[in-house]
file work-v6.pdb (PDB, C-alpha atoms)
ATOM      1  CA  MET A 134     116.705  23.955-268.740
ATOM      2  CA  ILE A 135     115.569  20.336-268.767
ATOM      3  CA  HIS A 136     117.941  19.419-265.929
ATOM      4  CA  ASP A 137     116.186  21.920-263.653
ATOM      5  CA  ASP A 138     112.740  20.709-264.711
ATOM      6  CA  ILE A 139     113.672  17.123-263.875
ATOM      7  CA  ARG A 140     115.212  18.076-260.518
ATOM      8  CA  SER A 141     112.067  20.027-259.671
ATOM      9  CA  LEU A 142     109.900  16.988-260.355
ATOM     10  CA  LEU A 143     112.201  14.740-258.348
ATOM     11  CA  GLU A 144     112.108  17.142-255.401
ATOM     12  CA  ALA A 145     108.317  17.449-255.496
ATOM     13  CA  PRO A 146     106.287  15.346-253.082
ATOM     14  CA  PRO A 147     105.411  11.941-254.544
ATOM     15  CA  THR A 148     101.777  12.160-253.431
ATOM     16  CA  GLY A 149      99.283  14.792-252.426
ATOM     17  CA  GLU A 150      98.059  18.077-253.830
ATOM     18  CA  GLU A 151     101.509  19.325-254.852
ATOM     19  CA  ALA A 152     102.633  16.066-256.441
ATOM     20  CA  PRO A 153     103.232  16.285-260.198
ATOM     21  CA  THR A 154     100.867  14.376-262.435
ATOM     22  CA  LEU A 155     101.983  11.349-264.390
ATOM     23  CA  ASP A 156     101.329  13.313-267.596
ATOM     24  CA  HIS A 157     103.692  16.069-266.436
ATOM     25  CA  ILE A 158     106.363  13.545-265.537
ATOM     26  CA  GLU A 159     106.013  11.731-268.861
ATOM     27  CA  ASP A 160     106.089  14.996-270.834
ATOM     28  CA  THR A 161     109.302  15.929-269.048
ATOM     29  CA  LEU A 162     110.757  12.484-269.717
ATOM     30  CA  THR A 163     109.968  12.908-273.408
ATOM     31  CA  ALA A 164     111.622  16.337-273.475
ATOM     32  CA  GLY A 165     114.600  14.911-271.588
ATOM     33  CA  TYR A 166     115.032  12.021-274.012
ATOM     34  CA  ALA A 167     114.806  14.446-276.926
ATOM     35  CA  ARG A 168     117.526  16.590-275.334
ATOM     36  CA  ALA A 169     119.691  13.498-274.784
ATOM     37  CA  LEU A 170     119.340  12.598-278.464
ATOM     38  CA  ALA A 171     120.313  16.138-279.441
ATOM     39  CA  ILE A 172     123.410  15.951-277.236
ATOM     40  CA  GLU A 173     124.343  12.588-278.753
ATOM     41  CA  ALA A 174     123.974  14.069-282.246
ATOM     42  CA  GLU A 175     126.229  16.969-281.235
ATOM     43  CA  ARG A 176     128.784  14.501-279.871
ATOM     44  CA  TRP A 177     128.803  12.611-283.196
ATOM     45  CA  ARG A 178     129.281  15.875-285.113
ATOM     46  CA  LEU A 179     132.155  16.848-282.828
ATOM     47  CA  GLU A 180     133.794  13.429-283.163
ATOM     48  CA  ARG A 181     133.570  13.641-286.962
ATOM     49  CA  LYS A 182     134.990  17.174-286.927
ATOM     50  CA  ILE A 183     137.876  16.074-284.700
ATOM     51  CA  ALA A 184     138.572  13.172-287.068
ATOM     52  CA  ASP A 185     138.453  15.522-290.078
ATOM     53  CA  VAL A 186     140.871  18.004-288.505
ATOM     54  CA  ALA A 187     143.204  15.216-287.382
ATOM     55  CA  ALA A 188     143.158  13.640-290.849
ATOM     56  CA  LYS A 189     144.246  16.935-292.423
ATOM     57  CA  LEU A 190     147.215  17.278-290.119
ATOM     58  CA  GLY A 191     150.513  16.602-291.748
ATOM     59  CA  ASP A 192     153.929  16.455-290.182
ATOM     60  CA  GLU A 193     153.501  20.020-289.086
ATOM     61  CA  VAL A 194     150.770  20.999-286.642
ATOM     62  CA  THR A 195     150.030  24.701-286.603
ATOM     63  CA  GLU A 196     148.938  26.683-283.577
ATOM     64  CA  GLU A 197     145.564  27.116-285.281
ATOM     65  CA  ASP A 198     145.179  23.340-285.679
ATOM     66  CA  ALA A 199     146.097  22.731-282.062
ATOM     67  CA  THR A 200     143.677  25.414-280.871
ATOM     68  CA  GLU A 201     140.840  24.014-282.959
ATOM     69  CA  LEU A 202     141.455  20.488-281.708
ATOM     70  CA  ALA A 203     141.600  21.708-278.117
ATOM     71  CA  LYS A 204     138.305  23.579-278.477
ATOM     72  CA  LEU A 205     136.626  20.608-280.135
ATOM     73  CA  GLY A 206     137.954  18.283-277.449
ATOM     74  CA  GLN A 207     136.636  20.541-274.703
ATOM     75  CA  ARG A 208     133.222  20.744-276.359
ATOM     76  CA  LEU A 209     133.146  16.952-276.655
ATOM     77  CA  SER A 210     134.101  16.578-273.008
ATOM     78  CA  ASP A 211     131.386  19.062-271.989
ATOM     79  CA  ALA A 212     128.802  17.178-274.046
ATOM     80  CA  ASP A 213     129.864  13.873-272.454
ATOM     81  CA  GLY A 214     129.421  15.317-268.972
ATOM     82  CA  ASP A 215     126.073  16.877-269.822
ATOM     83  CA  LEU A 216     124.827  13.623-271.319
ATOM     84  CA  THR A 217     125.973  11.588-268.309
ATOM     85  CA  ARG A 218     124.216  13.953-265.881
ATOM     86  CA  LEU A 219     121.059  14.022-267.984
ATOM     87  CA  ARG A 220     120.909  10.228-268.264
ATOM     88  CA  ALA A 221     121.218   9.888-264.478
ATOM     89  CA  LEU A 222     118.393  12.380-263.942
ATOM     90  CA  LEU A 223     116.226  10.649-266.543
ATOM     91  CA  ALA A 224     116.776   7.285-264.856
ATOM     92  CA  SER A 225     115.650   8.760-261.534
ATOM     93  CA  LEU A 226     112.626  10.375-263.133
ATOM     94  CA  ARG A 227     111.727   7.083-264.836
ATOM     95  CA  VAL A 228     111.709   5.430-261.395
ATOM     96  CA  ARG A 229     109.430   8.219-260.134
ATOM     97  CA  ALA A 230     107.076   7.698-263.091
ATOM     98  CA  ASP A 231     106.948   3.951-262.338
ATOM     99  CA  GLN A 232     106.129   4.722-258.697
ATOM    100  CA  VAL A 233     103.329   7.096-259.700
ATOM    101  CA  ARG A 234     101.910   4.487-262.085
ATOM    102  CA  ALA A 235     101.967   1.840-259.361
ATOM    103  CA  ALA A 236     100.202   4.068-256.817
TER     104      ALA A 236
END
call {"tool": "encode", "arguments": {"input": "work-v6.pdb", "output": "structure tokens"}}
result
Amino acid sequence: MIHDDIRSLLEAPPTGEEAPTLDHIEDTLTAGYARALAIEAERWRLERKIADVAAKLGDEVTEEDATELAKLGQRLSDADGDLTRLRALLASLRVRADQVRAA
């Protein structure tokens, strides 16, 4: 998982034999940004689906409608949390990449 890859790079020594290369860090940043874009796309799909389901609701909300909305809402919330965590890790890794470049 990209989160683990980023944490591993952040925990690695910044210099020395076991320090990750700038290429490795940048490759991981690229993969992380791609994952963030995929999560954002999933969020947009979920938001549209929630809007579609809500628009179809009439005066009467069935148990099925409520269940679907609850599941979609939970998936959206999960995606939001995942995206927030990933962005924080990417910001930290970007700082590490800048430090490696400067060294």
call {"tool": "closest_residue", "arguments": {"input": "work-v6.pdb", "among": "A:Val194, A:Ala212, A:Ala167, A:Ile158", "to": "A:Glu180", "atoms": "only C-alpha atoms"}}
result
A:Ala212
call {"tool": "atom_distance", "arguments": {"input": "work-v6.pdb", "atom1": "atom CA of A:Ile135", "atom2": "atom CA of A:Thr217"}}
result
13.6 Å
call {"tool": "closest_residue", "arguments": {"input": "work-v6.pdb", "among": "A:Thr195, A:Thr154, A:Thr161, A:Thr148", "to": "A:Leu226", "atoms": "all atoms listed in the file"}}
result
A:Thr161
call {"tool": "atom_distance", "arguments": {"input": "work-v6.pdb", "atom1": "atom CA of A:Glu175", "atom2": "atom CA of A:Ala221"}}
result
18.9 Å
call {"tool": "closest_residue", "arguments": {"input": "work-v6.pdb", "among": "A:Leu202, A:Glu173, A:Ala235, A:Glu159", "to": "A:Asp185", "atoms": "all atoms listed in the file"}}
result
A:Leu202
call {"tool": "closest_residue", "arguments": {"input": "work-v6.pdb", "among": "A:Leu219, A:Leu190, A:Ala224, A:Ala184", "to": "A:Asp137", "atoms": "only C-alpha atoms"}}
result
A:Leu219
call {"tool": "closest_residue", "arguments": {"input": "work-v6.pdb", "among": "A:Leu216, A:Ala188, A:Leu223, A:Ala203", "to": "A:Leu162", "atoms": "only C-alpha atoms"}}
result
A:Leu223
call {"tool": "atom_distance", "arguments": {"input": "work-v6.pdb", "atom1": "atom CA of A:Ala164", "atom2": "atom CA of A:Gly149"}}
result
24.4 Å
call {"tool": "residues_around", "arguments": {"input": "work-v6.pdb", "residues": "A:Ile183", "least_positions_apart": "5", "cutoff": "10 Å", "atoms": "all atoms listed in the file", "output": "ChimeraX atom specification"}}
result
/A:177-178,188,201-206,209
